[in-house]
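Next up, protein03.cif (mmCIF, C-alpha atoms, pLDDT in the B column; chains and numbers go by the auth columns):
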data_work
loop_
_atom_site.group_PDB
_atom_site.id
_atom_site.type_symbol
_atom_site.label_atom_id
_atom_site.label_comp_id
_atom_site.label_asym_id
_atom_site.label_seq_id
_atom_site.Cartn_x
_atom_site.Cartn_y
_atom_site.Cartn_z
_atom_site.B_iso_or_equiv
_atom_site.auth_seq_id
_atom_site.auth_asym_id
ATOM 1 C CA MET A 1 21.658 -64.952 -54.512 41.00 193 I
ATOM 2 C CA ALA A 2 22.834 -68.111 -56.214 48.00 194 I
ATOM 3 C CA ASP A 3 25.140 -70.534 -54.477 58.00 195 I
ATOM 4 C CA VAL A 4 28.788 -70.462 -55.517 65.00 196 I
ATOM 5 C CA PRO A 5 29.233 -73.439 -57.895 59.00 197 I
ATOM 6 C CA SER A 6 31.972 -76.058 -57.855 61.00 198 I
ATOM 7 C CA PRO A 7 34.904 -76.205 -58.436 66.00 199 I
ATOM 8 C CA LEU A 8 35.166 -72.541 -57.439 72.00 200 I
ATOM 9 C CA ALA A 9 33.305 -73.197 -54.181 79.00 201 I
ATOM 10 C CA THR A 10 35.741 -75.966 -53.243 83.00 202 I
ATOM 11 C CA PHE A 11 38.697 -73.644 -53.770 84.00 203 I
ATOM 12 C CA ILE A 12 37.143 -70.715 -51.844 86.00 204 I
ATOM 13 C CA VAL A 13 36.073 -72.910 -48.924 91.00 205 I
ATOM 14 C CA GLY A 14 39.593 -74.328 -48.706 90.00 206 I
ATOM 15 C CA GLU A 15 41.085 -70.831 -48.611 90.00 207 I
ATOM 16 C CA ILE A 16 38.619 -69.683 -45.935 93.00 208 I
ATOM 17 C CA ARG A 17 39.345 -72.753 -43.830 93.00 209 I
ATOM 18 C CA ARG A 18 43.098 -72.152 -44.088 91.00 210 I
ATOM 19 C CA ALA A 19 42.689 -68.479 -43.196 93.00 211 I
ATOM 20 C CA ARG A 20 40.496 -69.386 -40.216 94.00 212 I
ATOM 21 C CA GLY A 21 43.144 -71.818 -38.970 92.00 213 I
ATOM 22 C CA ALA A 22 45.928 -69.275 -39.459 91.00 214 I
ATOM 23 C CA ALA A 23 43.920 -66.759 -37.426 92.00 215 I
ATOM 24 C CA GLY A 24 43.546 -69.286 -34.599 93.00 216 I
ATOM 25 C CA LEU A 25 39.740 -69.238 -34.777 94.00 217 I
ATOM 26 C CA THR A 26 37.598 -72.236 -33.933 94.00 218 I
ATOM 27 C CA GLN A 27 34.525 -72.856 -36.061 94.00 219 I
ATOM 28 C CA GLU A 28 32.405 -71.458 -33.220 94.00 220 I
ATOM 29 C CA ALA A 29 34.463 -68.258 -32.856 95.00 221 I
ATOM 30 C CA PHE A 30 34.612 -67.799 -36.608 95.00 222 I
ATOM 31 C CA GLY A 31 30.858 -68.363 -36.867 95.00 223 I
ATOM 32 C CA ARG A 32 30.081 -65.750 -34.216 95.00 224 I
ATOM 33 C CA ALA A 33 32.140 -63.152 -36.065 95.00 225 I
ATOM 34 C CA ALA A 34 30.742 -64.130 -39.448 94.00 226 I
ATOM 35 C CA GLY A 35 27.102 -64.353 -38.330 95.00 227 I
ATOM 36 C CA PHE A 36 26.672 -68.125 -38.643 95.00 228 I
ATOM 37 C CA SER A 37 26.382 -71.028 -36.236 95.00 229 I
ATOM 38 C CA ALA A 38 29.303 -73.396 -35.676 94.00 230 I
ATOM 39 C CA SER A 39 27.251 -76.191 -37.241 94.00 231 I
ATOM 40 C CA HIS A 40 26.694 -74.058 -40.360 95.00 232 I
ATOM 41 C CA VAL A 41 30.434 -73.364 -40.625 95.00 233 I
ATOM 42 C CA SER A 42 31.179 -77.070 -40.182 94.00 234 I
ATOM 43 C CA ALA A 43 28.664 -78.013 -42.877 94.00 235 I
ATOM 44 C CA VAL A 44 30.129 -75.507 -45.375 92.00 236 I
ATOM 45 C CA GLU A 45 33.684 -76.631 -44.655 92.00 237 I
ATOM 46 C CA GLY A 46 32.600 -80.264 -44.949 91.00 238 I
ATOM 47 C CA SER A 47 30.874 -79.609 -48.299 85.00 239 I
ATOM 48 C CA THR A 48 27.471 -80.745 -47.012 88.00 240 I
ATOM 49 C CA ARG A 49 26.070 -77.223 -47.232 89.00 241 I
ATOM 50 C CA ALA A 50 26.328 -74.864 -50.195 83.00 242 I
ATOM 51 C CA LEU A 51 28.712 -71.936 -50.099 84.00 243 I
ATOM 52 C CA THR A 52 26.802 -68.674 -50.537 82.00 244 I
ATOM 53 C CA MET A 53 27.838 -65.059 -51.064 75.00 245 I
ATOM 54 C CA ASP A 54 26.396 -64.254 -47.605 83.00 246 I
ATOM 55 C CA PHE A 55 28.813 -66.752 -46.076 90.00 247 I
ATOM 56 C CA ILE A 56 31.708 -65.308 -48.091 87.00 248 I
ATOM 57 C CA LYS A 57 30.881 -61.783 -46.918 87.00 249 I
ATOM 58 C CA GLY A 58 30.693 -63.078 -43.350 92.00 250 I
ATOM 59 C CA ALA A 59 34.101 -64.718 -43.767 94.00 251 I
ATOM 60 C CA ASP A 60 35.582 -61.436 -44.945 92.00 252 I
ATOM 61 C CA ARG A 61 34.156 -59.727 -41.857 93.00 253 I
ATOM 62 C CA ALA A 62 35.340 -62.430 -39.453 95.00 254 I
ATOM 63 C CA LEU A 63 38.835 -62.529 -40.927 93.00 255 I
ATOM 64 C CA THR A 64 39.033 -58.739 -41.539 93.00 256 I
ATOM 65 C CA SER A 65 40.300 -59.575 -45.004 90.00 257 I
ATOM 66 C CA GLY A 66 39.061 -56.396 -46.664 87.00 258 I
ATOM 67 C CA GLY A 67 36.711 -58.197 -49.068 84.00 259 I
ATOM 68 C CA LEU A 68 39.408 -60.596 -50.317 86.00 260 I
ATOM 69 C CA PHE A 69 37.122 -63.599 -50.740 86.00 261 I
ATOM 70 C CA GLU A 70 34.425 -61.589 -52.510 80.00 262 I
ATOM 71 C CA ARG A 71 37.067 -60.345 -54.917 78.00 263 I
ATOM 72 C CA LEU A 72 38.335 -63.881 -55.490 80.00 264 I
ATOM 73 C CA VAL A 73 34.857 -65.035 -56.495 75.00 265 I
ATOM 74 C CA ALA A 74 34.491 -62.092 -58.870 70.00 266 I
ATOM 75 C CA LYS A 75 37.948 -62.542 -60.382 70.00 267 I
ATOM 76 C CA LEU A 76 37.769 -66.300 -60.810 71.00 268 I
ATOM 77 C CA GLY A 77 34.192 -66.152 -62.036 66.00 269 I
ATOM 78 C CA ALA A 78 35.037 -63.789 -64.887 66.00 270 I
ATOM 79 C CA PRO A 79 36.745 -64.755 -68.167 66.00 271 I
ATOM 80 C CA SER A 80 40.459 -63.887 -68.189 59.00 272 I
ATOM 81 C CA TRP A 81 40.135 -61.376 -71.035 59.00 273 I
ATOM 82 C CA PHE A 82 37.635 -59.376 -68.937 68.00 274 I
ATOM 83 C CA LEU A 83 39.853 -58.945 -65.862 68.00 275 I
ATOM 84 C CA PRO A 84 41.693 -55.763 -67.021 75.00 276 I
ATOM 85 C CA TRP A 85 38.362 -54.033 -67.623 79.00 277 I
ATOM 86 C CA LEU A 86 37.021 -55.343 -64.312 78.00 278 I
ATOM 87 C CA ASP A 87 39.916 -53.619 -62.541 79.00 279 I
ATOM 88 C CA ALA A 88 39.251 -50.376 -64.442 85.00 280 I
ATOM 89 C CA GLU A 89 35.540 -50.558 -63.640 88.00 281 I
ATOM 90 C CA ARG A 90 36.230 -50.933 -59.930 86.00 282 I
ATOM 91 C CA GLY A 91 38.614 -47.984 -59.838 88.00 283 I
ATOM 92 C CA ALA A 92 36.526 -45.641 -61.982 93.00 284 I
ATOM 93 C CA THR A 93 34.909 -42.418 -60.824 96.00 285 I
ATOM 94 C CA GLN A 94 32.754 -42.239 -63.962 96.00 286 I
ATOM 95 C CA LEU A 95 31.491 -44.985 -66.277 97.00 287 I
ATOM 96 C CA ARG A 96 29.914 -44.751 -69.722 97.00 288 I
ATOM 97 C CA TYR A 97 28.249 -47.747 -71.412 96.00 289 I
ATOM 98 C CA PHE A 98 26.558 -48.130 -74.774 94.00 290 I
ATOM 99 C CA GLU A 99 24.783 -51.393 -75.656 92.00 291 I
ATOM 100 C CA PRO A 100 22.776 -51.860 -78.869 89.00 292 I
ATOM 101 C CA ASN A 101 21.305 -55.276 -78.078 88.00 293 I
ATOM 102 C CA LEU A 102 21.458 -56.125 -74.367 91.00 294 I
ATOM 103 C CA ILE A 103 21.110 -54.506 -70.964 95.00 295 I
ATOM 104 C CA PRO A 104 24.657 -53.802 -69.651 94.00 296 I
ATOM 105 C CA GLY A 105 25.991 -56.224 -67.053 92.00 297 I
ATOM 106 C CA LEU A 106 26.124 -53.590 -64.291 94.00 298 I
ATOM 107 C CA LEU A 107 22.336 -53.274 -64.491 96.00 299 I
ATOM 108 C CA GLN A 108 21.301 -56.884 -65.148 95.00 300 I
ATOM 109 C CA THR A 109 19.147 -58.964 -62.848 95.00 301 I
ATOM 110 C CA GLU A 110 20.401 -62.403 -61.883 93.00 302 I
ATOM 111 C CA ALA A 111 17.778 -64.102 -64.077 93.00 303 I
ATOM 112 C CA TYR A 112 18.549 -61.916 -67.096 94.00 304 I
ATOM 113 C CA ALA A 113 22.303 -62.470 -66.696 93.00 305 I
ATOM 114 C CA ARG A 114 21.770 -66.222 -66.487 92.00 306 I
ATOM 115 C CA ALA A 115 19.597 -66.243 -69.612 91.00 307 I
ATOM 116 C CA VAL A 116 22.188 -64.235 -71.567 91.00 308 I
ATOM 117 C CA LEU A 117 25.107 -66.397 -70.442 90.00 309 I
ATOM 118 C CA ARG A 118 23.257 -69.587 -71.339 89.00 310 I
ATOM 119 C CA LEU A 119 23.261 -68.435 -74.955 87.00 311 I
ATOM 120 C CA ASP A 120 26.911 -69.533 -75.087 86.00 312 I
ATOM 121 C CA PRO A 121 26.773 -73.314 -75.710 85.00 313 I
ATOM 122 C CA ARG A 122 30.398 -73.722 -74.598 82.00 314 I
ATOM 123 C CA LEU A 123 29.626 -72.829 -70.978 83.00 315 I
ATOM 124 C CA THR A 124 28.732 -75.569 -68.528 82.00 316 I
ATOM 125 C CA ASP A 125 26.017 -74.982 -65.936 84.00 317 I
ATOM 126 C CA ASP A 126 28.700 -74.433 -63.286 78.00 318 I
ATOM 127 C CA GLU A 127 30.505 -71.912 -65.475 80.00 319 I
ATOM 128 C CA VAL A 128 27.258 -70.055 -66.110 86.00 320 I
ATOM 129 C CA GLU A 129 26.509 -69.861 -62.394 84.00 321 I
ATOM 130 C CA ARG A 130 30.048 -68.754 -61.628 80.00 322 I
ATOM 131 C CA ARG A 131 29.794 -65.930 -64.146 84.00 323 I
ATOM 132 C CA VAL A 132 26.341 -64.915 -62.897 88.00 324 I
ATOM 133 C CA ILE A 133 27.758 -64.532 -59.388 83.00 325 I
ATOM 134 C CA ALA A 134 30.699 -62.523 -60.712 82.00 326 I
ATOM 135 C CA ARG A 135 28.410 -60.281 -62.753 86.00 327 I
ATOM 136 C CA ILE A 136 26.101 -59.532 -59.835 86.00 328 I
ATOM 137 C CA GLU A 137 29.082 -58.898 -57.543 83.00 329 I
ATOM 138 C CA ARG A 138 30.315 -56.233 -59.984 87.00 330 I
ATOM 139 C CA GLN A 139 27.188 -54.245 -59.238 91.00 331 I
ATOM 140 C CA THR A 140 28.275 -53.581 -55.646 88.00 332 I
ATOM 141 C CA ILE A 141 30.289 -50.601 -56.919 90.00 333 I
ATOM 142 C CA LEU A 142 26.970 -48.812 -57.441 93.00 334 I
ATOM 143 C CA SER A 143 26.168 -49.144 -53.724 90.00 335 I
ATOM 144 C CA ARG A 144 29.497 -47.867 -52.422 89.00 336 I
ATOM 145 C CA GLU A 145 29.557 -44.854 -50.133 90.00 337 I
ATOM 146 C CA VAL A 146 31.007 -42.875 -53.053 93.00 338 I
ATOM 147 C CA PRO A 147 29.773 -44.692 -56.174 94.00 339 I
ATOM 148 C CA PRO A 148 30.901 -43.889 -59.717 96.00 340 I
ATOM 149 C CA GLN A 149 28.687 -41.755 -61.903 97.00 341 I
ATOM 150 C CA LEU A 150 27.125 -44.177 -64.391 97.00 342 I
ATOM 151 C CA VAL A 151 25.643 -43.116 -67.729 97.00 343 I
ATOM 152 C CA VAL A 152 24.140 -45.865 -69.898 97.00 344 I
ATOM 153 C CA VAL A 153 22.757 -45.622 -73.425 96.00 345 I
ATOM 154 C CA VAL A 154 20.843 -48.571 -74.888 95.00 346 I
ATOM 155 C CA ASP A 155 18.979 -49.068 -78.120 93.00 347 I
ATOM 156 C CA GLU A 156 15.228 -49.444 -77.628 92.00 348 I
ATOM 157 C CA ALA A 157 15.528 -52.949 -79.086 90.00 349 I
ATOM 158 C CA ALA A 158 17.346 -54.000 -75.897 92.00 350 I
ATOM 159 C CA VAL A 159 14.430 -52.758 -73.791 93.00 351 I
ATOM 160 C CA ARG A 160 11.777 -54.458 -75.911 90.00 352 I
ATOM 161 C CA ARG A 161 13.628 -57.715 -76.641 84.00 353 I
ATOM 162 C CA THR A 162 11.583 -60.714 -75.516 76.00 354 I
ATOM 163 C CA GLY A 163 10.298 -64.097 -76.643 68.00 355 I
ATOM 164 C CA ASP A 164 8.115 -66.984 -75.595 67.00 356 I
ATOM 165 C CA GLY A 165 8.137 -67.242 -71.820 70.00 357 I
ATOM 166 C CA CYS A 166 10.542 -64.307 -71.343 82.00 358 I
ATOM 167 C CA GLU A 167 8.010 -61.634 -70.413 84.00 359 I
ATOM 168 C CA LYS A 168 8.324 -62.170 -66.642 88.00 360 I
ATOM 169 C CA LEU A 169 12.122 -62.104 -66.879 91.00 361 I
ATOM 170 C CA MET A 170 12.030 -58.852 -68.874 92.00 362 I
ATOM 171 C CA VAL A 171 9.533 -57.180 -66.564 93.00 363 I
ATOM 172 C CA GLU A 172 11.827 -57.918 -63.620 94.00 364 I
ATOM 173 C CA GLN A 173 14.767 -56.559 -65.623 95.00 365 I
ATOM 174 C CA LEU A 174 12.948 -53.379 -66.629 96.00 366 I
ATOM 175 C CA LEU A 175 11.800 -52.724 -63.066 95.00 367 I
ATOM 176 C CA LYS A 176 15.430 -52.992 -61.985 96.00 368 I
ATOM 177 C CA LEU A 177 16.365 -50.437 -64.641 96.00 369 I
ATOM 178 C CA VAL A 178 13.722 -48.103 -63.255 95.00 370 I
ATOM 179 C CA ALA A 179 15.022 -48.537 -59.707 95.00 371 I
ATOM 180 C CA CYS A 180 18.612 -47.932 -60.816 95.00 372 I
ATOM 181 C CA ALA A 181 17.687 -44.912 -62.949 93.00 373 I
ATOM 182 C CA GLU A 182 16.081 -43.251 -59.940 90.00 374 I
ATOM 183 C CA ARG A 183 19.434 -43.147 -58.151 93.00 375 I
ATOM 184 C CA PRO A 184 21.098 -39.732 -58.434 93.00 376 I
ATOM 185 C CA HIS A 185 24.366 -41.168 -59.768 96.00 377 I
ATOM 186 C CA VAL A 186 22.776 -43.353 -62.481 96.00 378 I
ATOM 187 C CA SER A 187 21.428 -42.060 -65.783 96.00 379 I
ATOM 188 C CA ILE A 188 19.857 -44.352 -68.408 97.00 380 I
ATOM 189 C CA HIS A 189 19.027 -43.172 -71.934 97.00 381 I
ATOM 190 C CA VAL A 190 17.199 -45.006 -74.729 96.00 382 I
ATOM 191 C CA ILE A 191 17.718 -44.516 -78.480 94.00 383 I
ATOM 192 C CA PRO A 192 14.265 -44.761 -80.135 92.00 384 I
ATOM 193 C CA PRO A 193 13.796 -46.778 -83.372 88.00 385 I
ATOM 194 C CA GLU A 194 12.898 -43.694 -85.424 86.00 386 I
ATOM 195 C CA VAL A 195 16.548 -42.640 -85.218 84.00 387 I
ATOM 196 C CA GLY A 196 17.271 -45.381 -87.748 75.00 388 I
ATOM 197 C CA LEU A 197 20.937 -46.021 -88.559 76.00 389 I
ATOM 198 C CA HIS A 198 23.434 -44.616 -86.055 79.00 390 I
ATOM 199 C CA ALA A 199 27.120 -44.977 -85.151 75.00 391 I
ATOM 200 C CA GLY A 200 26.461 -47.338 -82.254 75.00 392 I
ATOM 201 C CA LEU A 201 25.103 -50.139 -84.399 77.00 393 I
ATOM 202 C CA SER A 202 28.661 -51.329 -85.035 78.00 394 I
ATOM 203 C CA GLY A 203 28.837 -52.623 -81.479 84.00 395 I
ATOM 204 C CA PRO A 204 28.950 -51.889 -77.726 89.00 396 I
ATOM 205 C CA LEU A 205 31.523 -49.646 -76.108 91.00 397 I
ATOM 206 C CA SER A 206 32.529 -48.712 -72.578 93.00 398 I
ATOM 207 C CA LEU A 207 34.549 -45.851 -71.056 96.00 399 I
ATOM 208 C CA ALA A 208 35.933 -45.453 -67.541 95.00 400 I
ATOM 209 C CA HIS A 209 37.293 -42.244 -66.013 95.00 401 I
ATOM 210 C CA MET A 210 39.940 -43.099 -63.433 93.00 402 I
ATOM 211 C CA ALA A 211 40.838 -41.315 -60.214 91.00 403 I
ATOM 212 C CA ASP A 212 44.078 -40.011 -61.744 93.00 404 I
ATOM 213 C CA GLY A 213 42.130 -38.240 -64.488 93.00 405 I
ATOM 214 C CA SER A 214 42.906 -40.746 -67.251 93.00 406 I
ATOM 215 C CA TRP A 215 40.346 -42.593 -69.356 94.00 407 I
ATOM 216 C CA VAL A 216 40.213 -46.277 -70.293 92.00 408 I
ATOM 217 C CA GLY A 217 38.050 -47.767 -73.031 92.00 409 I
ATOM 218 C CA HIS A 218 36.726 -51.257 -73.606 89.00 410 I
ATOM 219 C CA LEU A 219 35.431 -52.995 -76.715 85.00 411 I
ATOM 220 C CA GLU A 220 33.788 -56.411 -76.551 79.00 412 I
ATOM 221 C CA SER A 221 33.322 -58.850 -79.411 67.00 413 I
ATOM 222 C CA GLN A 222 32.177 -62.424 -79.977 65.00 414 I
ATOM 223 C CA LEU A 223 35.693 -63.654 -79.165 59.00 415 I
ATOM 224 C CA GLY A 224 36.542 -61.531 -76.124 66.00 416 I
ATOM 225 C CA GLY A 225 37.383 -57.941 -75.375 74.00 417 I
ATOM 226 C CA ASP A 226 40.135 -55.338 -75.451 77.00 418 I
ATOM 227 C CA VAL A 227 41.031 -52.573 -73.008 81.00 419 I
ATOM 228 C CA LEU A 228 42.151 -49.421 -74.841 86.00 420 I
ATOM 229 C CA ASP A 229 44.171 -46.499 -73.519 86.00 421 I
ATOM 230 C CA ARG A 230 45.882 -45.065 -76.623 90.00 422 I
ATOM 231 C CA PRO A 231 44.784 -41.447 -77.219 92.00 423 I
ATOM 232 C CA SER A 232 43.783 -42.145 -80.832 93.00 424 I
ATOM 233 C CA ASP A 233 41.590 -45.105 -79.795 92.00 425 I
ATOM 234 C CA LEU A 234 39.992 -43.116 -76.981 93.00 426 I
ATOM 235 C CA ASP A 235 39.288 -40.203 -79.336 94.00 427 I
ATOM 236 C CA THR A 236 37.375 -42.578 -81.615 92.00 428 I
ATOM 237 C CA LEU A 237 35.397 -44.060 -78.711 92.00 429 I
ATOM 238 C CA PHE A 238 34.504 -40.601 -77.398 93.00 430 I
ATOM 239 C CA GLU A 239 33.299 -39.529 -80.844 93.00 431 I
ATOM 240 C CA ARG A 240 31.061 -42.580 -81.048 92.00 432 I
ATOM 241 C CA TRP A 241 29.890 -42.149 -77.469 93.00 433 I
ATOM 242 C CA GLU A 242 28.875 -38.538 -78.119 92.00 434 I
ATOM 243 C CA SER A 243 27.106 -39.611 -81.285 92.00 435 I
ATOM 244 C CA VAL A 244 24.946 -42.260 -79.600 92.00 436 I
ATOM 245 C CA ARG A 245 24.322 -40.093 -76.531 93.00 437 I
ATOM 246 C CA ASN A 246 23.056 -37.264 -78.738 92.00 438 I
ATOM 247 C CA GLU A 247 20.595 -39.596 -80.479 92.00 439 I
ATOM 248 C CA ALA A 248 19.078 -40.836 -77.190 94.00 440 I
ATOM 249 C CA LEU A 249 16.017 -39.628 -75.346 95.00 441 I
ATOM 250 C CA SER A 250 16.376 -37.558 -72.196 95.00 442 I
ATOM 251 C CA ARG A 251 16.704 -39.241 -68.826 94.00 443 I
ATOM 252 C CA ARG A 252 13.040 -38.612 -67.938 95.00 444 I
ATOM 253 C CA GLN A 253 11.728 -39.615 -71.379 96.00 445 I
ATOM 254 C CA SER A 254 13.785 -42.808 -71.250 96.00 446 I
ATOM 255 C CA LEU A 255 12.523 -43.686 -67.777 95.00 447 I
ATOM 256 C CA ASP A 256 8.917 -43.144 -68.893 95.00 448 I
ATOM 257 C CA LEU A 257 9.484 -45.408 -71.905 95.00 449 I
ATOM 258 C CA ILE A 258 10.975 -48.195 -69.783 95.00 450 I
ATOM 259 C CA LYS A 259 8.025 -47.993 -67.378 94.00 451 I
ATOM 260 C CA GLU A 260 5.578 -48.103 -70.280 93.00 452 I
ATOM 261 C CA VAL A 261 7.141 -51.241 -71.745 92.00 453 I
ATOM 262 C CA ALA A 262 7.212 -52.928 -68.313 90.00 454 I
ATOM 263 C CA ASN A 263 3.522 -52.155 -67.801 90.00 455 I
ATOM 264 C CA GLN A 264 2.656 -53.643 -71.208 86.00 456 I
ATOM 265 C CA TRP A 265 4.086 -57.014 -70.160 79.00 457 I
ATOM 266 C CA ASN A 266 3.129 -56.939 -66.475 73.00 458 I
#
The structure in this file should be written as C-alpha cells.
Amino acid sequence: MADVPSPLATFIVGEIRRARGAAGLTQEAFGRAAGFSASHVSAVEGSTRALTMDFIKGADRALTSGGLFERLVAKLGAPSWFLPWLDAERGATQLRYFEPNLIPGLLQTEAYARAVLRLDPRLTDDEVERRVIARIERQTILSREVPPQLVVVVDEAAVRRTGDGCEKLMVEQLLKLVACAERPHVSIHVIPPEVGLHAGLSGPLSLAHMADGSWVGHLESQLGGDVLDRPSDLDTLFERWESVRNEALSRRQSLDLIKEVANQWN
C-alpha cells in the first residue's frame, strides 16, 4: 500500500509519538508491540523513513487505540463534504451503489483510484495519494467479521472504459471486481448497452441501511456531495435504484461479462 503522504504523515507521526510517550513506552517497547524494530520506529519518528499503513495499524495495536490512527488517516484523507457519508457507510448493515461511469470507490484498486483522482487538476500529488489511502481504507468494512451486504449496479460502459496504456490497469480492476463478487455478501450487476436510456444516466446514487433501521442516501456531483435523509428524497432514490437494478443483468451473467472483458484485454 502507498506511503502516507506529507503533511498528513507529519501530523500522524506526531500524534503517535505523543501517544507513545503518554503511555510510557520506549521506542523498543512500542516497536515490539507494533511489530517493528526500535530502529524502524526511530526512523519513522525522525522522518527518515516513510510512514505506512502497516506502521499505523501496528501503532493502533501497540497503543490499544481501537483503530484511532487508521480512522484519522481516512478522515483527514477524505474531502470534508464526504465525511457524513463516510460515517454512514461505516455504520451501515446494507449498502447500495449505482455508478454509470466509474467503478465505485469501495471496489476500486489502488491504481484505478489513483488514475481517477488524478483527473482533478486541482489536486496535488500529495492530495491524490492521501485520498487514495483513504479510499482503500474504506474498503476494510468489507472484510469485517460481520460485513455489510453490498449490492452494486454499474453501466457496462464503466466496465469497458479504457484508453491508451490503460488496459493493464483495467484488467487488474476487473479481476478485483470478480474477486469481490465471489464473496457471499457482495453482489455486482451490470446494465448492458442494449437497455439504452435509463433512469440512472442522470448520475450516481448511494443508499445505506443503518443498524437502527433507518436509511441514508448520498448524491455526488462535480462540486461535492449531499447526504439525504428526508423521506421524500429517499423515496425518489429508492425508485431510481429499483429502476436501474431491474435493468441490470443477473449476478452470474454480470460476473461472466466482467470475466469476458478482462480476458479480452489480458
### Task
Decode the PyMOL selection byres ((chain I and resi 219) around 7) for the given file into explicit residues and return them as a ChimeraX atom specification.
/I:217-218,220-223,230,233-234
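The residues caught by the PyMOL selection byres ((chain I and resi 433-439) around 8) in this file are Phe290, Val345, His381, Ile383, Val387, His390, Ala391, Gly392, Leu397, Leu429, Phe430, Glu431, Arg432, Ala440 and Leu441 of chain I.
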Selected residues written out, C-alpha atoms, as a PDB file, in the frame of the given file:
ATOM      1  CA  PHE I 290      26.558 -48.130 -74.774  1.00 94.00           C
ATOM      2  CA  VAL I 345      22.757 -45.622 -73.425  1.00 96.00           C
ATOM      3  CA  HIS I 381      19.027 -43.172 -71.934  1.00 97.00           C
ATOM      4  CA  ILE I 383      17.718 -44.516 -78.480  1.00 94.00           C
ATOM      5  CA  VAL I 387      16.548 -42.640 -85.218  1.00 84.00           C
ATOM      6  CA  HIS I 390      23.434 -44.616 -86.055  1.00 79.00           C
ATOM      7  CA  ALA I 391      27.120 -44.977 -85.151  1.00 75.00           C
ATOM      8  CA  GLY I 392      26.461 -47.338 -82.254  1.00 75.00           C
ATOM      9  CA  LEU I 397      31.523 -49.646 -76.108  1.00 91.00           C
ATOM     10  CA  LEU I 429      35.397 -44.060 -78.711  1.00 92.00           C
ATOM     11  CA  PHE I 430      34.504 -40.601 -77.398  1.00 93.00           C
ATOM     12  CA  GLU I 431      33.299 -39.529 -80.844  1.00 93.00           C
ATOM     13  CA  ARG I 432      31.061 -42.580 -81.048  1.00 92.00           C
ATOM     14  CA  ALA I 440      19.078 -40.836 -77.190  1.00 94.00           C
ATOM     15  CA  LEU I 441      16.017 -39.628 -75.346  1.00 95.00           C
TER      16      LEU I 441
END
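If you look at atom CA of I:Pro313 and atom CA of I:Tyr289, they are 26.0 Å away from each other.
Closest approach to I:Phe228 from the set I:Pro292, I:Gly283, I:Gly250, I:Pro339 is made by I:Gly250, with distances taken over all atoms listed in the file.
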### Task
Starting from the shown file, work through the PyMOL selection byres ((chain I and resi 332) around 12) and note down what comes out as a list in words.
Gly259, Glu262, Arg263, Ala266, Glu281, Arg282, Gly297, Leu298, Leu299, Ile325, Ala326, Arg327, Ile328, Glu329, Arg330, Gln331, Ile333, Leu334, Ser335, Arg336, Glu337, Val338, Pro339 and Pro340 of chain I
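Take atom CA of I:Val408 and atom CA of I:Val344: the distance between them is 16.1 Å.
Shortest separation to I:Ala201 among I:Val308, I:Val236, I:Ala226, I:Leu342 occurs at residue I:Val236, atoms counted being only C-alpha atoms.
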Incomplete stretch 373-386 of chain I brought to N, CA and C atoms, written out as a compact mmCIF listing (two decimals), keeping the file's coordinate frame:
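Generated file (rebuild.txt):
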# COMPACT_ATOMS: atom_id res chain seq x y z
N ALA I 373 17.73 -46.23 -62.33
CA ALA I 373 17.69 -44.91 -62.95
C ALA I 373 17.21 -43.83 -61.99
N GLU I 374 16.56 -44.23 -60.92
CA GLU I 374 16.08 -43.25 -59.94
C GLU I 374 17.15 -42.88 -58.92
N ARG I 375 18.32 -43.54 -58.99
CA ARG I 375 19.43 -43.15 -58.15
C ARG I 375 20.09 -41.89 -58.74
N PRO I 376 20.54 -40.99 -57.90
CA PRO I 376 21.10 -39.73 -58.43
C PRO I 376 22.36 -39.90 -59.26
N HIS I 377 23.10 -40.99 -59.05
CA HIS I 377 24.37 -41.17 -59.77
C HIS I 377 24.23 -42.08 -60.99
N VAL I 378 22.99 -42.47 -61.33
CA VAL I 378 22.78 -43.35 -62.48
C VAL I 378 21.84 -42.67 -63.47
N SER I 379 22.25 -42.66 -64.72
CA SER I 379 21.43 -42.06 -65.78
C SER I 379 21.32 -43.05 -66.93
N ILE I 380 20.10 -43.40 -67.33
CA ILE I 380 19.86 -44.35 -68.41
C ILE I 380 19.12 -43.65 -69.54
N HIS I 381 19.61 -43.83 -70.76
CA HIS I 381 19.03 -43.17 -71.93
C HIS I 381 18.75 -44.21 -73.02
N VAL I 382 17.63 -44.05 -73.70
CA VAL I 382 17.20 -45.01 -74.73
C VAL I 382 17.20 -44.33 -76.10
N ILE I 383 17.77 -45.00 -77.10
CA ILE I 383 17.72 -44.52 -78.48
C ILE I 383 16.47 -45.09 -79.14
N PRO I 384 15.51 -44.25 -79.54
CA PRO I 384 14.26 -44.76 -80.14
C PRO I 384 14.48 -45.28 -81.56
N PRO I 385 13.61 -46.17 -82.05
CA PRO I 385 13.80 -46.78 -83.37
C PRO I 385 13.73 -45.78 -84.52
N GLU I 386 13.01 -44.65 -84.33
CA GLU I 386 12.90 -43.69 -85.42
C GLU I 386 14.22 -43.02 -85.77
